[in-house]
>>> print(open('model_29.txt').read())   # compact mmCIF, C-alpha atoms
# COMPACT_ATOMS: atom_id res chain seq x y z
CA MET J 1 39.29 -2.37 50.80
CA GLU J 2 37.38 -5.28 49.39
CA ARG J 3 34.10 -3.53 50.07
CA CYS J 4 35.30 -0.38 48.33
CA VAL J 5 36.38 -2.31 45.26
CA ALA J 6 33.18 -4.35 45.02
CA LYS J 7 30.85 -1.37 45.24
CA PRO J 8 31.96 0.37 42.09
CA ALA J 9 31.84 -2.93 40.20
CA ARG J 10 28.23 -3.48 41.19
CA MET J 11 27.30 0.09 40.40
CA THR J 12 28.82 -0.30 36.94
CA ILE J 13 27.31 -3.70 36.02
CA LEU J 14 23.80 -3.19 37.40
CA PRO J 15 22.75 -0.30 35.12
CA LYS J 16 23.99 -2.19 32.06
CA GLY J 17 22.01 -5.26 33.04
CA VAL J 18 18.90 -3.20 33.68
CA LEU J 19 19.23 -1.39 30.38
CA GLY J 20 19.73 -4.69 28.56
CA ALA J 21 16.70 -6.21 30.25
CA LEU J 22 14.60 -3.18 29.38
CA LEU J 23 15.74 -3.38 25.76
CA ILE J 24 14.84 -7.07 25.51
CA PHE J 25 11.50 -6.44 27.21
CA GLY J 26 10.74 -3.65 24.77
CA MET J 27 11.55 -5.85 21.77
CA VAL J 28 9.48 -8.76 23.04
CA SER J 29 6.52 -6.67 24.18
CA GLY J 30 6.47 -4.82 20.87
CA CYS J 31 5.97 -8.03 18.87
CA ALA J 32 2.55 -9.59 18.43
CA THR J 33 1.73 -13.23 17.87
CA SER J 34 0.85 -14.38 14.36
CA GLN J 35 -1.57 -17.11 15.43
CA GLY J 36 -4.70 -17.39 13.37
CA PRO J 37 -6.24 -19.31 10.47
CA ALA J 38 -5.51 -18.78 6.80
CA PHE J 39 -9.22 -18.27 6.17
CA LEU J 40 -12.57 -18.81 7.86
CA THR J 41 -15.60 -20.78 6.72
CA ILE J 42 -18.84 -19.01 7.66
CA GLN J 43 -22.35 -20.39 7.39
CA ALA J 44 -24.87 -18.16 5.61
CA GLU J 45 -26.91 -17.44 8.74
CA ALA J 46 -23.80 -16.11 10.50
CA TYR J 47 -22.76 -13.77 7.68
CA ALA J 48 -24.12 -10.62 9.35
CA ASP J 49 -22.28 -11.38 12.59
CA ALA J 50 -19.08 -12.22 10.73
CA PHE J 51 -19.23 -8.99 8.75
CA ASP J 52 -19.70 -6.95 11.95
CA ALA J 53 -16.90 -8.88 13.66
CA ALA J 54 -14.55 -8.12 10.76
CA VAL J 55 -15.36 -4.41 10.95
CA GLU J 56 -14.76 -4.43 14.70
CA ALA J 57 -11.48 -6.37 14.38
CA ALA J 58 -10.16 -3.83 11.89
CA ALA J 59 -11.18 -0.90 14.08
CA VAL J 60 -9.56 -2.41 17.20
CA ALA J 61 -6.34 -2.88 15.22
CA GLY J 62 -6.37 0.82 14.34
CA LEU J 63 -7.41 0.27 10.71
CA THR J 64 -10.43 2.50 10.16
CA PRO J 65 -12.95 0.81 7.80
CA THR J 66 -13.91 3.14 4.95
CA VAL J 67 -15.66 0.68 2.59
CA ARG J 68 -18.40 -1.59 4.00
CA ASP J 69 -20.12 -3.42 1.17
CA ARG J 70 -22.33 -6.13 2.68
CA ARG J 71 -23.85 -7.24 -0.62
CA ASN J 72 -20.48 -7.96 -2.25
CA GLY J 73 -18.74 -8.88 1.02
CA VAL J 74 -15.91 -6.33 0.89
CA ILE J 75 -14.36 -4.25 3.69
CA GLU J 76 -11.47 -1.89 3.02
CA THR J 77 -9.63 0.23 5.55
CA GLU J 78 -7.66 3.43 5.70
CA PRO J 79 -3.87 2.97 5.92
CA ARG J 80 -2.17 3.11 9.30
CA ILE J 81 1.51 3.90 9.91
CA ALA J 82 3.38 0.79 11.09
CA GLY J 83 4.85 0.80 14.59
CA SER J 84 8.59 1.11 15.24
CA PHE J 85 11.04 0.67 18.11
CA LEU J 86 10.38 4.27 19.06
CA GLU J 87 6.82 3.24 19.99
CA PRO J 88 7.17 0.34 22.47
CA TRP J 89 3.43 0.45 23.18
CA ARG J 90 2.65 -0.64 19.61
CA THR J 91 2.20 -4.40 19.16
CA ASP J 92 1.55 -4.63 15.42
CA ASN J 93 4.89 -6.23 14.50
CA ALA J 94 5.28 -10.00 14.44
CA SER J 95 9.06 -10.19 14.80
CA PHE J 96 12.22 -8.26 15.64
CA ALA J 97 13.11 -8.07 11.93
CA GLN J 98 9.73 -6.57 11.06
CA ALA J 99 9.99 -3.98 13.82
CA MET J 100 13.49 -3.07 12.62
CA GLU J 101 12.27 -2.74 9.03
CA ASN J 102 9.47 -0.40 10.09
CA THR J 103 11.96 1.67 12.09
CA ILE J 104 14.47 2.12 9.29
CA THR J 105 11.87 2.72 6.58
CA PHE J 106 8.62 4.69 6.72
CA GLN J 107 5.86 2.15 6.07
CA ARG J 108 2.13 1.75 6.54
CA ARG J 109 -0.49 -1.00 6.29
CA ARG J 110 -3.95 -1.24 4.78
CA ALA J 111 -6.35 -4.21 4.93
CA ARG J 112 -9.01 -5.67 2.66
CA PHE J 113 -11.54 -8.27 3.87
CA GLU J 114 -13.32 -10.38 1.25
CA PHE J 115 -16.24 -12.78 1.69
CA THR J 116 -16.72 -15.22 -1.19
CA PRO J 117 -18.92 -18.31 -1.69
CA ALA J 118 -17.14 -21.41 -0.41
CA GLY J 119 -15.25 -23.19 -3.16
CA PHE J 120 -15.36 -20.15 -5.44
CA ARG J 121 -12.95 -20.29 -8.37
CA PRO J 122 -12.46 -17.61 -11.03
CA ARG J 123 -13.75 -18.39 -14.49
CA GLU J 124 -11.32 -19.77 -17.03
CA PRO J 125 -10.39 -17.30 -19.77
CA ALA J 126 -12.33 -17.85 -22.97
CA GLU J 127 -10.72 -18.31 -26.35
CA ALA J 128 -12.49 -15.21 -27.66
CA PRO J 129 -10.67 -11.86 -27.45
CA LEU J 130 -10.84 -10.25 -24.02
CA THR J 131 -13.10 -7.22 -23.79
CA GLY J 132 -12.05 -5.94 -20.38
CA PRO J 133 -13.93 -5.85 -17.08
CA ASP J 134 -17.68 -5.31 -16.88
CA LEU J 135 -17.47 -2.00 -15.02
CA PHE J 136 -21.22 -1.37 -15.07
CA ALA J 137 -22.20 -4.99 -14.22
CA GLN J 138 -24.33 -5.29 -17.35
CA HIS J 139 -23.46 -8.91 -18.10
CA ASP J 140 -22.46 -10.50 -14.79
CA ALA J 141 -25.22 -11.79 -12.53
CA GLU J 142 -25.97 -9.63 -9.50
CA VAL J 143 -24.52 -11.04 -6.28
CA ASP J 144 -25.97 -10.40 -2.83
CA LEU J 145 -24.08 -12.37 -0.18
CA SER J 146 -26.60 -11.39 2.47
CA ARG J 147 -29.14 -13.60 0.65
CA LEU J 148 -26.82 -16.46 -0.21
CA ALA J 149 -27.89 -19.86 1.16
CA GLY J 150 -24.53 -21.64 1.05
CA PRO J 151 -21.40 -21.26 3.22
CA LEU J 152 -18.93 -18.43 2.73
CA GLU J 153 -15.18 -18.04 3.11
CA LEU J 154 -13.50 -14.98 4.64
CA ARG J 155 -9.97 -13.95 3.67
CA VAL J 156 -7.91 -10.88 4.52
CA TRP J 157 -5.17 -9.14 2.57
CA VAL J 158 -2.88 -6.75 4.45
CA TYR J 159 -0.66 -4.71 2.15
CA VAL J 160 2.51 -2.96 3.34
CA GLU J 161 3.27 0.30 1.55
CA ARG J 162 6.56 2.18 1.71
CA ALA J 163 7.03 5.94 1.43
CA TYR J 164 9.35 7.35 -1.23
CA SER J 165 10.49 10.92 -1.75
CA PRO J 166 11.57 11.81 -5.32
CA GLY J 167 15.12 13.13 -5.51
CA LEU J 168 16.04 12.15 -1.94
CA ARG J 169 19.52 10.62 -1.64
CA ARG J 170 20.47 9.31 1.78
CA SER J 171 24.04 8.81 2.92
CA THR J 172 25.05 5.32 4.07
CA TRP J 173 27.01 6.83 6.99
CA THR J 174 25.08 9.74 8.42
CA ARG J 175 21.82 11.60 7.89
CA ALA J 176 23.73 14.89 7.92
CA ARG J 177 24.90 14.15 4.37
CA THR J 178 21.43 13.46 3.00
CA THR J 179 20.79 15.51 -0.13
CA ARG J 180 17.72 16.21 -2.20
CA THR J 181 17.71 16.77 -5.93
CA ARG J 182 15.22 19.29 -7.24
CA ILE J 183 13.24 17.78 -10.10
CA VAL J 184 11.83 20.45 -12.40
CA PRO J 185 8.94 19.17 -14.55
CA ALA J 186 8.47 20.17 -18.16
CA GLU J 187 5.94 22.81 -19.10
CA ASP J 188 3.27 20.25 -20.02
CA GLU J 189 3.94 17.94 -17.04
CA GLU J 190 2.65 18.05 -13.49
CA ALA J 191 5.03 18.43 -10.58
CA LEU J 192 5.94 15.25 -8.76
CA PRO J 193 4.48 14.81 -5.28
CA SER J 194 6.84 15.33 -2.36
CA ARG J 195 6.02 11.80 -1.17
CA TYR J 196 4.25 8.80 -2.64
CA TRP J 197 3.47 5.29 -1.41
CA THR J 198 4.39 2.07 -3.17
CA PRO J 199 3.20 -1.44 -2.18
CA VAL J 200 6.16 -3.64 -1.27
CA HIS J 201 4.72 -6.89 0.11
CA ARG J 202 1.93 -8.55 2.09
CA ASP J 203 1.93 -9.00 5.87
CA GLU J 204 0.61 -12.55 6.25
CA ALA J 205 1.20 -12.59 10.02
CA TYR J 206 -1.04 -9.54 10.37
CA GLU J 207 -3.67 -11.21 8.18
CA ARG J 208 -3.78 -14.23 10.49
CA ARG J 209 -4.08 -12.04 13.57
CA LEU J 210 -7.09 -10.24 12.10
CA LEU J 211 -8.76 -13.52 11.16
CA GLY J 212 -8.02 -14.85 14.62
CA ALA J 213 -9.78 -11.84 16.15
CA VAL J 214 -12.82 -12.43 13.93
CA LYS J 215 -12.90 -16.12 14.88
CA ARG J 216 -12.75 -15.34 18.62
CA ALA J 217 -15.57 -12.84 18.30
CA LEU J 218 -17.73 -15.38 16.47
CA ASP J 219 -16.92 -18.13 18.94
CA GLU J 220 -18.19 -15.91 21.75
CA ARG J 221 -21.55 -15.54 20.00
CA SER J 222 -22.18 -19.03 18.68
CA GLU J 223 -20.98 -22.62 18.58
CA PRO J 224 -18.40 -23.86 16.04
CA SER J 225 -19.96 -26.15 13.47
CA SER J 226 -18.01 -25.64 10.26
CA THR J 227 -14.48 -26.72 9.45
CA GLY J 228 -12.45 -25.42 6.54
CA PRO J 229 -10.10 -27.52 4.39
CA ASP J 230 -7.16 -26.42 6.52
CA GLY J 231 -8.82 -27.53 9.76
CA ASN J 232 -9.95 -24.08 10.88
CA THR J 233 -13.41 -23.71 12.37
CA ALA J 234 -15.68 -20.71 12.50
CA ALA J 235 -18.94 -19.91 14.15
CA ALA J 236 -22.01 -20.89 12.17
CA THR J 237 -25.19 -20.81 14.21
CA LYS J 238 -26.33 -18.96 17.25
CA PRO J 239 -27.18 -21.02 20.36
>>> encode(input="model_29.txt", output="structure tokens")
Amino acid sequence: MERCVAKPARMTILPKGVLGALLIFGMVSGCATSQGPAFLTIQAEAYADAFDAAVEAAAVAGLTPTVRDRRNGVIETEPRIAGSFLEPWRTDNASFAQAMENTITFQRRRARFEFTPAGFRPREPAEAPLTGPDLFAQHDAEVDLSRLAGPLELRVWVYVERAYSPGLRRSTWTRARTTRTRIVPAEDEEALPSRYWTPVHRDEAYERRLLGAVKRALDERSEPSSTGPDGNTAAATKP
């Protein structure tokens, strides 16, 4: 009798424990570390390698580079849909809360890498009336970072964008009661898009992971010889 009573108890508890363990494993495995520097200091002779390493780091992360401007030191990527709990193989979330946010809402990320001369500070606004940006670069001096002799700093901005659908009203209890209002534009107005993206915040953990990938790639090619103000080192010269 004791054996008959114990068997069902084990059969009932074991599946729950296994399912709980699988759930925890999925949450932990789906979160990536946010280790990495706030920025990197790159010597001028290592600029070409650093630029290539940044392009490669973005591509490995699934962010396809679309803008590669070596002279101005800018790399911009296509957006990529953020991973959710429904994709346990994705490791682009830094925490359980971030994974939950990307599951409840439809979000995507895009990245921008910028190389600037070390110690660069924007110019103070003049007392004269502002005339707007110099779109045709007629007054600002031409900058070519590939020919710069001094050290550079690399920073990354990762923007999180959220999808919105005009007229969509979701129920707080069930998706079956979700309704959509039809918005009819005026005769002289264009119709609203069915979906548009709005930036909501920056993903600093993702930024540090990308910079960490660039730093590891540079460390494999050369020896560290430059230290930034925050104690981060980056490759500078080839052996």
>>> residues_around(input="model_29.txt", residues="Val55 of chain J", least_positions_apart="4", cutoff="9 Å", atoms="only C-alpha atoms", output="list in words")
Ala50, Phe51, Ala59, Val60, Thr64, Pro65, Arg68, Ile75, Phe113 and Val214 of chain J
>>> closest_atom_pairs(input="model_29.txt", of="segment 33-107 of chain J", to="segment 152-174 of chain J", cutoff="10 Å", atoms="all atoms listed in the file", output="Markdown table")
| residue | atom | partner | partner_atom | distance |
| --- | --- | --- | --- | --- |
| J:Pro37 | CA | J:Arg155 | CA | 9.4 |
| J:Ala38 | CA | J:Arg155 | CA | 7.3 |
| J:Phe39 | CA | J:Arg155 | CA | 5.0 |
| J:Leu40 | CA | J:Leu154 | CA | 5.1 |
| J:Thr41 | CA | J:Glu153 | CA | 4.6 |
| J:Ile42 | CA | J:Leu152 | CA | 5.0 |
| J:Gln43 | CA | J:Leu152 | CA | 6.1 |
| J:Ala44 | CA | J:Leu152 | CA | 6.6 |
| J:Ala46 | CA | J:Leu152 | CA | 9.5 |
| J:Tyr47 | CA | J:Leu152 | CA | 7.8 |
| J:Ala50 | CA | J:Leu154 | CA | 8.7 |
| J:Phe51 | CA | J:Leu154 | CA | 9.3 |
| J:Ala54 | CA | J:Leu154 | CA | 9.3 |
| J:Gly73 | CA | J:Leu154 | CA | 8.8 |
| J:Val74 | CA | J:Leu154 | CA | 9.7 |
| J:Ile75 | CA | J:Val156 | CA | 9.3 |
| J:Glu76 | CA | J:Trp157 | CA | 9.6 |
| J:Thr77 | CA | J:Val158 | CA | 9.8 |
| J:Pro79 | CA | J:Glu161 | CA | 8.8 |
| J:Arg80 | CA | J:Val160 | CA | 9.7 |
| J:Ile81 | CA | J:Glu161 | CA | 9.3 |
| J:Ala82 | CA | J:Val160 | CA | 8.7 |
| J:Asn102 | CA | J:Arg162 | CA | 9.2 |
| J:Thr105 | CA | J:Arg162 | CA | 7.2 |
| J:Phe106 | CA | J:Ala163 | CA | 5.7 |
| J:Gln107 | CA | J:Arg162 | CA | 4.4 |
>>> atom_distance(input="model_29.txt", atom1="atom CA of Thr66 of chain J", atom2="atom CA of Arg209 of chain J")
20.0 Å
>>> atom_distance(input="model_29.txt", atom1="atom CA of Arg195 of chain J", atom2="atom CA of Arg180 of chain J")
12.5 Å
>>> closest_residue(input="model_29.txt", among="J:Ile104, J:Arg112, J:Leu148, J:Arg90", to="Glu78 of chain J", atoms="all atoms listed in the file")
J:Arg112
>>> closest_residue(input="model_29.txt", among="J:Leu86, J:Asp49, J:Leu145, J:Glu190", to="Asn72 of chain J", atoms="only C-alpha atoms")
J:Leu145
>>> atom_distance(input="model_29.txt", atom1="atom CA of Ala48 of chain J", atom2="atom CA of Tyr206 of chain J")
23.1 Å
>>> residues_near_point(input="model_29.txt", point="(-6.5, -11.2, 12.2)", cutoff="9 Å", atoms="only C-alpha atoms", output="VMD selection string")
chain J and resid 34 to 37 54 57 to 58 61 156 205 to 215
